[in-house]
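S.K.: Attaching a single structure in structure tokens format; questions to follow.
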Amino acid sequence: MEDLFGGLRETLARAAATGRPPGRDALDSCRAAGALAAERGVPLRTLVEAALDGSADAALRRVLLALLDGYEEAQTRALRREAEARREFLDDLFQGRADRLAERAEHFGLRLAESYVVAAAQGADRDLARLARLARPIEEGLTARFGSHNVLVAVREGLLVCVAPATLPAAVGEFTHHVRARFPAGWRVGVGRPHRGPGGVVTSFREAANALDLAGRLGLRPQVVKAADLLVFPVLLRDREAIEDLVTSVLSPLLTARGGPEPLLETLEAIFAAQGNQAAAARRLGISTRAVTYRLERIRRLTGFSPDDPTQRFTLETAVLGARLLGWPPVRE
């Protein structure tokens, strides 16, 4: 640090001894030292105190340090007020409270008359502290590309959430890129549909969160799941009694199978995913094609339904999806 402050102290000592103010060359040297201190991250207070060390004027030292104290305290209060205002705004935004919401949203870069899409990232370990640490650098990465008045990143309900205009679809892809780079294995991103207005952000967030929930319950493989691709499942769940009756009527005979129903349910899922191709289903399951054929025959004998018949295939597939949504069969303790 002596290369910064040595010349400064010498300049002040010479001025004190001669009673003459520093000349242009000395002031230019001080400016260069100040710029170098800024580049090195030296706090302003450290720089001022170094200057005061070269002054014999105790009153000047006390006044300047008091000014610094007031300045720093005001900055701290301003930062706290801004953080509190952001927290209150996010609470109101994601809970749908509309009091001056649009006006306050402008301050945080959102124009709520537009349509917005919400993407929500979920980590395998559900570590809220980790999410909080990642929110700022991910938001900084997004704003560096798209500008500070386009995206907002926050932690809500155990998820890392990105709010972006529907007219900026690349923002969701960029958010996913940052999640992939920073999250440990096991992450997943849910994407809501675009919605307009103050309530639109809430609706899109709920869709993104529900997409993550459905993906987990259904055991879906994609790391990015879109609410628009999963619209059939909320429809199924709206009439829970009907879907429970379908699952029980069609699949309960599998409970009597040796080894339980799970291998047979997995086989049906693999067959549906492979569009009926038994060889592809076998590869997916890591078993032989002959084993797949044997399991499908067992399913047909037990349930009376075959995935080879178009109508029966639809019934079976809906029943299997319903079973995953309902957590059927329940785990025995």
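Residue numbering restarts at 1 for every chain of the structure tokens, chains are lettered A, B, ... in their displayed order, and ligands are numbered from 1 as they appear.
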Find the spatial neighbours of Ala121 in chain A, counting only C-alpha atoms, within a cut-off of 6 Å - ignore same-chain residues fewer than 3 positions away - and output them as a PyMOL selection string.

M.R.: chain A and resi 159-160+188-189

S.K.: Take the selection from the previous step and output its residues with N, CA and C atoms, as a tab-separated table (two decimals), in the first residue's frame.

M.R.:
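Dumped to again-v1.tsv:
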```tsv
chain	number	residue	atom	x	y	z
A	159	LEU	N	-38.18	-22.44	-4.38
A	159	LEU	CA	-37.80	-22.50	-5.79
A	159	LEU	C	-37.05	-21.23	-6.17
A	160	LEU	N	-36.11	-21.35	-7.10
A	160	LEU	CA	-35.46	-20.18	-7.67
A	160	LEU	C	-36.27	-19.76	-8.89
A	188	ARG	N	-34.25	-29.42	-11.90
A	188	ARG	CA	-35.30	-29.41	-12.92
A	188	ARG	C	-35.88	-28.01	-12.99
A	189	VAL	N	-36.29	-27.58	-14.18
A	189	VAL	CA	-36.91	-26.26	-14.37
A	189	VAL	C	-38.32	-26.45	-14.91
```

S.K.: Taking 2 positions as the minimum chain separation for residues in the same chain, which residues sit within 10 Å of range 312-322 of chain A when counting only C-alpha atoms? Answer as a PyMOL selection string.

M.R.: chain A and resi 217-218+233+236-237+240+242-251+265-266+268-269+271-272+276+303-310+324-328

S.K.: Within 12 Å of Arg156 in chain A, counting only C-alpha atoms, which residues qualify if same-chain residues fewer than 5 places away don't, as a ChimeraX atom specification?

M.R.: /A:87,90-95,118-122,126,128,131-132,135,161-163,202,205-206,208-209

S.K.: Would you output that residue set with C-alpha atoms, as a PDB file, in the first residue's frame?

M.R.:
```pdb
ATOM      1  CA  ARG A  87     -38.979  -8.117  -0.362  1.00  0.00           C
ATOM      2  CA  LEU A  90     -42.059  -9.756  -4.236  1.00  0.00           C
ATOM      3  CA  ASP A  91     -44.449 -10.828  -1.472  1.00  0.00           C
ATOM      4  CA  ASP A  92     -47.231  -8.732  -2.999  1.00  0.00           C
ATOM      5  CA  LEU A  93     -46.405  -9.816  -6.551  1.00  0.00           C
ATOM      6  CA  PHE A  94     -46.468 -13.551  -5.870  1.00  0.00           C
ATOM      7  CA  GLN A  95     -49.490 -13.339  -3.581  1.00  0.00           C
ATOM      8  CA  VAL A 118     -42.240 -17.502 -14.979  1.00  0.00           C
ATOM      9  CA  ALA A 119     -39.614 -20.256 -14.888  1.00  0.00           C
ATOM     10  CA  ALA A 120     -38.944 -22.011 -11.579  1.00  0.00           C
ATOM     11  CA  ALA A 121     -35.846 -24.092 -10.796  1.00  0.00           C
ATOM     12  CA  GLN A 122     -35.866 -26.855  -8.219  1.00  0.00           C
ATOM     13  CA  ARG A 126     -34.023 -28.235  -1.695  1.00  0.00           C
ATOM     14  CA  LEU A 128     -32.808 -22.703   0.511  1.00  0.00           C
ATOM     15  CA  LEU A 131     -30.824 -20.877  -3.695  1.00  0.00           C
ATOM     16  CA  ALA A 132     -30.477 -17.527  -1.943  1.00  0.00           C
ATOM     17  CA  ALA A 135     -30.171 -15.729  -6.970  1.00  0.00           C
ATOM     18  CA  VAL A 161     -37.822 -18.123  -9.821  1.00  0.00           C
ATOM     19  CA  CYS A 162     -37.182 -16.099 -12.971  1.00  0.00           C
ATOM     20  CA  VAL A 163     -39.807 -13.618 -14.234  1.00  0.00           C
ATOM     21  CA  VAL A 202     -48.867 -15.367 -10.023  1.00  0.00           C
ATOM     22  CA  PHE A 205     -45.609 -19.095 -11.260  1.00  0.00           C
ATOM     23  CA  ARG A 206     -48.295 -21.536 -10.076  1.00  0.00           C
ATOM     24  CA  ALA A 208     -44.392 -23.594 -13.282  1.00  0.00           C
ATOM     25  CA  ALA A 209     -44.520 -24.962  -9.717  1.00  0.00           C
TER      26      ALA A 209
END
```

S.K.: Quick check for you: according to DSSP on this backbone, which residues of range 130-255 of chain A are classed as strand (DSSP E or B)? Reply as a ChimeraX atom specification.

M.R.: /A:152-156,159-165,188-191,195-196,224-226

S.K.: Which parts of range 281-311 of chain A does DSSP call helix (DSSP H, G or I) when run on the backbone here, written out as a ChimeraX atom specification?

M.R.: /A:281-285,289-303,310-311

S.K.: Output C-alpha atoms for every residue in that selection, as a PDB file, in the first residue's frame.

M.R.:
```pdb
ATOM      1  CA  ALA A 281     -39.210 -50.384 -24.560  1.00  0.00           C
ATOM      2  CA  ALA A 282     -36.869 -53.261 -23.680  1.00  0.00           C
ATOM      3  CA  ARG A 283     -33.823 -51.028 -24.181  1.00  0.00           C
ATOM      4  CA  ARG A 284     -35.430 -48.362 -22.023  1.00  0.00           C
ATOM      5  CA  LEU A 285     -36.047 -50.888 -19.244  1.00  0.00           C
ATOM      6  CA  THR A 289     -37.644 -58.002 -25.688  1.00  0.00           C
ATOM      7  CA  ARG A 290     -38.899 -61.437 -24.700  1.00  0.00           C
ATOM      8  CA  ALA A 291     -39.303 -60.242 -21.101  1.00  0.00           C
ATOM      9  CA  VAL A 292     -41.347 -57.253 -22.313  1.00  0.00           C
ATOM     10  CA  THR A 293     -43.595 -59.556 -24.344  1.00  0.00           C
ATOM     11  CA  TYR A 294     -44.073 -61.801 -21.319  1.00  0.00           C
ATOM     12  CA  ARG A 295     -44.987 -58.876 -19.078  1.00  0.00           C
ATOM     13  CA  LEU A 296     -47.489 -57.479 -21.584  1.00  0.00           C
ATOM     14  CA  GLU A 297     -49.172 -60.864 -21.778  1.00  0.00           C
ATOM     15  CA  ARG A 298     -49.420 -60.977 -17.983  1.00  0.00           C
ATOM     16  CA  ILE A 299     -50.998 -57.501 -18.016  1.00  0.00           C
ATOM     17  CA  ARG A 300     -53.540 -58.606 -20.626  1.00  0.00           C
ATOM     18  CA  ARG A 301     -54.444 -61.739 -18.667  1.00  0.00           C
ATOM     19  CA  LEU A 302     -54.778 -59.912 -15.341  1.00  0.00           C
ATOM     20  CA  THR A 303     -56.575 -56.751 -16.463  1.00  0.00           C
ATOM     21  CA  PRO A 310     -56.204 -48.530 -29.650  1.00  0.00           C
ATOM     22  CA  THR A 311     -59.196 -48.044 -27.334  1.00  0.00           C
TER      23      THR A 311
END
```

S.K.: Could you please determine the separation between CA of Arg77 in chain A and CA of Thr46 in chain A in Å, to one decimal place?

M.R.: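 Between CA of Arg77 in chain A and CA of Thr46 in chain A the gap is 20.9 Å.
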
S.K.: Rounded to one decimal in Å, what is the spacing between CA of Asp213 in chain A and CA of Val153 in chain A?

M.R.: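 Result for CA of Asp213 in chain A versus CA of Val153 in chain A: 20.4 Å, one decimal.
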
S.K.: Could you work out how far CA of Asn150 in chain A lies from CA of Pro222 in chain A, giving the answer in Å with one decimal?

M.R.: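 Value for the CA of Pro222 in chain A-CA of Asn150 in chain A distance: 27.0 Å.
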
S.K.: Let me make sure I understand: among A:Arg182, A:Arg238, A:Arg196, A:Arg221, which one has the smallest atom-to-atom distance to Pro165 in chain A if we use only C-alpha atoms?

M.R.: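 Of all the options, A:Arg196 lies closest to Pro165 in chain A.
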